[in-house]
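Peer 1: Before we start, here is the structure in question, set down as structure tokens.
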Amino acid sequence: MKRRPTPTNTEVTFSEHEFIVSKTDLKGRITYGNRVFMRVSGYQEDELIGSPHNIVRHPDMPRGAFKHLWDTIQQGKEWFGFVKNMGKSGHYYWVFANVTPDIEAGRIVGYFSVRRQAPRKAIEAVTPLYAEMLRIEREAGAARACEASLAWLTERLRALGTTYEALILSLYQEA
Ligand SMILES: Cc1cc2nc3c(=O)[nH]c(=O)nc-3n(C[C@H](O)[C@H](O)[C@H](O)COP(=O)(O)O)c2cc1C
């Protein structure tokens with residue numbers, strides 16, 4: 001297993017005209033990454049291809065967010081979300097991700113992710129939500145982490161009178 005970088009407070013951004021694109025197999029192993037992905041993450045192509053996509057996982061991200069992602073795409077649906085990623089030098093970069101199943105002859109054969117620049121206001125809105133989910137996950141312990149943080153998120157969204165998809169898309173469009 002590769003050594004993980006130590007997270008730093010350095011942010012790397014990309015332009016509103018750029019897209020970070022990657023493709024994975026069914027298990028989330030990277031099979032393709034575009035130039036923007038390489039530049040922003042700091043990894044070269046040979047470091048990315050064949051690696052699990054958690055190579056760019058940032059420890060500030062709650063596990064529940066990825067459970068939600070996988071549950072959605074494995075059902076053949078697309079997932080939208082804001083994700084804080086970590087690059088090779090420990091820097092971070094926020095993205096607005098759209099992950100979709102790659103379907104051939106009616107069967108899921110892999111997944112695509114296309115990421116755009118995340119609006120500042122959206123980052124400010126999701127940062128406290130993720131921090132609370134992370135706190136709940138630590139308190140719940142590994143076995144119950146995702147269940148506990150997703151239950152909290154569901155309740156929170158209900159209290160706000162919204163759904164996950166509606167909140168995420170409004171945060172993206174409002175900015
Ligand atoms: C197409 C695709 C793109 C993904 N992109 C990311 C990403 O940019 N950052 C990330 O942390 N996880 C991403 N994931 C999720 C990872 O596969 C993984 O579930 C997540 O990093 C949590 O890893 P862990 O459970 O090993 O901590 C992606 C998954 C798929 C299928």
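Chain labels run A, B, ... following the order of the structure tokens; each chain numbers its residues from 1, and ligands are numbered from 1 in the order shown.
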Can you list, as a PyMOL selection string, every protein, DNA or RNA residue that comes within 12 Å of Thr154 of chain A when you count only C-alpha atoms, leaving out same-chain residues fewer than 3 positions away?
Peer 2: chain A and resi 64-65+68+129+133+146-151+157-165+167
Peer 1: Could the residues in this selection be written to a file with N, CA and C atoms, as a compact mmCIF listing (two decimals), in the first residue's frame?
Peer 2:
# COMPACT_ATOMS: atom_id res chain seq x y z
N GLY A 64 -19.60 8.58 5.10
CA GLY A 64 -21.00 8.53 4.68
C GLY A 64 -21.20 9.12 3.28
N ALA A 65 -20.42 10.14 2.94
CA ALA A 65 -20.56 10.77 1.62
C ALA A 65 -20.25 9.74 0.53
N HIS A 68 -22.94 7.06 0.22
CA HIS A 68 -24.06 7.61 -0.54
C HIS A 68 -23.75 7.58 -2.04
N LEU A 129 -21.33 20.82 7.29
CA LEU A 129 -22.10 19.56 7.23
C LEU A 129 -21.16 18.36 7.28
N MET A 133 -20.71 15.46 10.15
CA MET A 133 -20.80 14.04 9.80
C MET A 133 -19.57 13.28 10.28
N CYS A 146 -21.09 5.14 8.86
CA CYS A 146 -21.86 5.65 7.71
C CYS A 146 -23.33 5.75 8.04
N GLU A 147 -23.83 4.70 8.67
CA GLU A 147 -25.25 4.67 9.05
C GLU A 147 -25.59 5.89 9.91
N ALA A 148 -24.73 6.17 10.89
CA ALA A 148 -24.99 7.26 11.83
C ALA A 148 -24.91 8.63 11.14
N SER A 149 -23.89 8.85 10.31
CA SER A 149 -23.74 10.17 9.71
C SER A 149 -24.81 10.40 8.64
N LEU A 150 -25.19 9.33 7.92
CA LEU A 150 -26.23 9.51 6.89
C LEU A 150 -27.60 9.71 7.53
N ALA A 151 -27.83 9.06 8.67
CA ALA A 151 -29.10 9.27 9.38
C ALA A 151 -29.19 10.73 9.84
N LEU A 157 -31.70 17.36 6.52
CA LEU A 157 -32.32 17.79 5.27
C LEU A 157 -33.83 17.87 5.42
N ARG A 158 -34.39 16.91 6.17
CA ARG A 158 -35.83 16.94 6.41
C ARG A 158 -36.22 18.21 7.17
N ALA A 159 -35.42 18.55 8.18
CA ALA A 159 -35.68 19.75 8.97
C ALA A 159 -35.61 21.01 8.10
N LEU A 160 -34.73 20.97 7.11
CA LEU A 160 -34.58 22.13 6.21
C LEU A 160 -35.63 22.10 5.09
N GLY A 161 -36.41 21.02 5.04
CA GLY A 161 -37.46 20.89 4.03
C GLY A 161 -36.91 20.65 2.63
N THR A 162 -35.78 19.94 2.55
CA THR A 162 -35.18 19.70 1.24
C THR A 162 -34.72 18.25 1.11
N THR A 163 -34.18 17.92 -0.06
CA THR A 163 -33.60 16.60 -0.27
C THR A 163 -32.12 16.79 -0.62
N TYR A 164 -31.39 15.71 -0.61
CA TYR A 164 -29.96 15.80 -0.93
C TYR A 164 -29.75 16.42 -2.32
N GLU A 165 -30.41 15.84 -3.32
CA GLU A 165 -30.22 16.32 -4.71
C GLU A 165 -30.60 17.78 -4.85
N LEU A 167 -30.70 20.13 -2.56
CA LEU A 167 -29.75 21.01 -1.87
C LEU A 167 -28.47 21.17 -2.69
Peer 1: Could you please extract the residues within 7 Å of ligand 1, counting only C-alpha atoms and all ligand atoms, and hand them back as a list in words?
Peer 2: Ser22, Lys23, Thr24, Gly28, Pro52, His53, Asn54, Ile55, Val56, Arg57, His58, Arg63, Phe66, Trp70, Val83, Asn85, Val99, Tyr111, Phe112 and Ser113 of chain A
Peer 1: If you run DSSP on the backbone, which residues of chain A are strand (DSSP E), as a count of residues only?
Peer 2: 41
Peer 1: Based on DSSP run over this structure's backbone, return all residues of segment 8-150 of chain A in helix (DSSP H, G or I), as a PyMOL selection string.
Peer 2: chain A and resi 35-41+45-48+53-56+63-74+120-140+142-150
Peer 1: Just to be explicit: take each residue in the selection above, keep C-alpha atoms, and write the result as a tab-separated table (two decimals), in the first residue's frame.
Peer 2:
chain	number	residue	atom	x	y	z
A	35	ARG	CA	-4.56	16.19	-18.08
A	36	VAL	CA	-6.43	18.51	-15.72
A	37	PHE	CA	-6.79	15.64	-13.21
A	38	MET	CA	-3.04	15.06	-13.36
A	39	ARG	CA	-2.16	18.73	-13.01
A	40	VAL	CA	-4.54	19.46	-10.13
A	41	SER	CA	-3.86	16.23	-8.19
A	45	GLU	CA	-0.63	9.07	-15.34
A	46	ASP	CA	1.27	5.94	-14.31
A	47	GLU	CA	0.58	6.70	-10.64
A	48	LEU	CA	-3.14	7.11	-11.26
A	53	HIS	CA	-9.84	6.33	-6.57
A	54	ASN	CA	-9.33	6.85	-2.87
A	55	ILE	CA	-5.77	7.88	-3.88
A	56	VAL	CA	-7.15	11.44	-3.73
A	63	ARG	CA	-17.24	8.12	4.92
A	64	GLY	CA	-21.00	8.53	4.68
A	65	ALA	CA	-20.56	10.77	1.62
A	66	PHE	CA	-18.84	7.94	-0.28
A	67	LYS	CA	-21.36	5.35	0.89
A	68	HIS	CA	-24.06	7.61	-0.54
A	69	LEU	CA	-22.09	7.92	-3.79
A	70	TRP	CA	-21.61	4.15	-4.19
A	71	ASP	CA	-25.20	3.27	-3.19
A	72	THR	CA	-26.44	5.71	-5.85
A	73	ILE	CA	-24.20	4.71	-8.77
A	74	GLN	CA	-24.52	0.97	-8.12
A	120	ARG	CA	-17.08	29.25	-2.86
A	121	LYS	CA	-20.52	29.64	-1.33
A	122	ALA	CA	-21.22	25.94	-1.80
A	123	ILE	CA	-17.91	25.00	-0.17
A	124	GLU	CA	-18.81	27.23	2.79
A	125	ALA	CA	-22.21	25.54	3.06
A	126	VAL	CA	-21.02	21.93	2.91
A	127	THR	CA	-17.89	22.30	5.06
A	128	PRO	CA	-19.83	22.41	8.38
A	129	LEU	CA	-22.10	19.56	7.23
A	130	TYR	CA	-19.11	17.33	6.48
A	131	ALA	CA	-17.41	18.34	9.74
A	132	GLU	CA	-20.49	17.32	11.73
A	133	MET	CA	-20.80	14.04	9.80
A	134	LEU	CA	-17.15	13.30	10.56
A	135	ARG	CA	-17.68	14.04	14.26
A	136	ILE	CA	-20.71	11.73	14.34
A	137	GLU	CA	-18.74	9.00	12.56
A	138	ARG	CA	-15.92	9.18	15.12
A	139	GLU	CA	-18.40	9.00	17.95
A	140	ALA	CA	-20.35	6.10	16.39
A	142	ALA	CA	-16.20	2.32	12.46
A	143	ALA	CA	-18.96	-0.27	12.26
A	144	ARG	CA	-21.81	2.23	12.55
A	145	ALA	CA	-20.07	5.32	11.08
A	146	CYS	CA	-21.86	5.65	7.71
A	147	GLU	CA	-25.25	4.67	9.05
A	148	ALA	CA	-24.99	7.26	11.83
A	149	SER	CA	-23.74	10.17	9.71
A	150	LEU	CA	-26.23	9.51	6.89
Peer 1: Neighbours of Val95 of chain A within 8 Å (only C-alpha atoms; same-chain residues fewer than 4 positions away dropped), as a PyMOL selection string?
Peer 2: chain A and resi 82-85+115-118
Peer 1: With only C-alpha atoms as the basis for distance, which of A:Tyr172, A:Phe19, A:Tyr93, A:Trp152 is at the shortest distance from Val114 of chain A?
Peer 2: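 Of the candidates, the smallest distance to Val114 of chain A is held by A:Phe19.
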Peer 1: Residues near Glu11 of chain A, anyone? I mean within 7 Å using only C-alpha atoms, not counting same-chain ones fewer than 2 positions away, as a list in words.
Peer 2: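 Here the answer would be Asn9, Thr13, His91, Tyr92 and Tyr93 of chain A.
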Peer 1: Go through A:Pro119, A:Ile49, A:Gly76, A:Arg3 and flag the residue nearest Glu104 of chain A, using only C-alpha atoms for the distances.
Peer 2: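 Of the candidates, the smallest distance to Glu104 of chain A is held by A:Gly76.
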Peer 1: Considering only C-alpha atoms, return as a PyMOL selection string whatever protein or nucleic-acid residues lie within 10 Å of Thr8 of chain A, sequence-local ones (same chain, fewer than 2 positions apart) excluded.
Peer 2: chain A and resi 5-6+10-11+86-87+89-92
Peer 1: Keeping only N, CA and C atoms, take the residues you just selected and write them out as a short mmCIF file (atom, residue, chain, number, x, y, z; two decimals), in the first residue's frame.
Peer 2:
data_model
loop_
_atom_site.label_atom_id
_atom_site.label_comp_id
_atom_site.auth_asym_id
_atom_site.auth_seq_id
_atom_site.Cartn_x
_atom_site.Cartn_y
_atom_site.Cartn_z
N PRO A 5 -0.08 11.03 1.59
CA PRO A 5 0.52 12.33 1.90
C PRO A 5 -0.06 12.89 3.20
N THR A 6 0.66 13.79 3.83
CA THR A 6 0.13 14.47 5.01
C THR A 6 -0.64 15.70 4.51
N THR A 10 -2.68 24.05 1.89
CA THR A 10 -2.54 24.69 0.58
C THR A 10 -3.66 24.24 -0.35
N GLU A 11 -4.34 25.22 -0.91
CA GLU A 11 -5.41 24.88 -1.85
C GLU A 11 -4.93 25.04 -3.29
N MET A 86 -7.53 15.36 -1.92
CA MET A 86 -6.15 15.66 -1.53
C MET A 86 -5.20 15.23 -2.65
N GLY A 87 -4.31 16.14 -3.01
CA GLY A 87 -3.33 15.84 -4.05
C GLY A 87 -2.05 15.25 -3.47
N SER A 89 0.93 16.30 -3.01
CA SER A 89 1.77 17.02 -2.05
C SER A 89 1.03 17.33 -0.75
N GLY A 90 -0.18 16.76 -0.60
CA GLY A 90 -0.96 16.99 0.62
C GLY A 90 -1.90 18.17 0.47
N HIS A 91 -1.80 18.88 -0.67
CA HIS A 91 -2.69 20.02 -0.91
C HIS A 91 -4.13 19.53 -1.11
N TYR A 92 -5.07 20.47 -1.01
CA TYR A 92 -6.46 20.06 -1.23
C TYR A 92 -7.06 20.81 -2.41
#
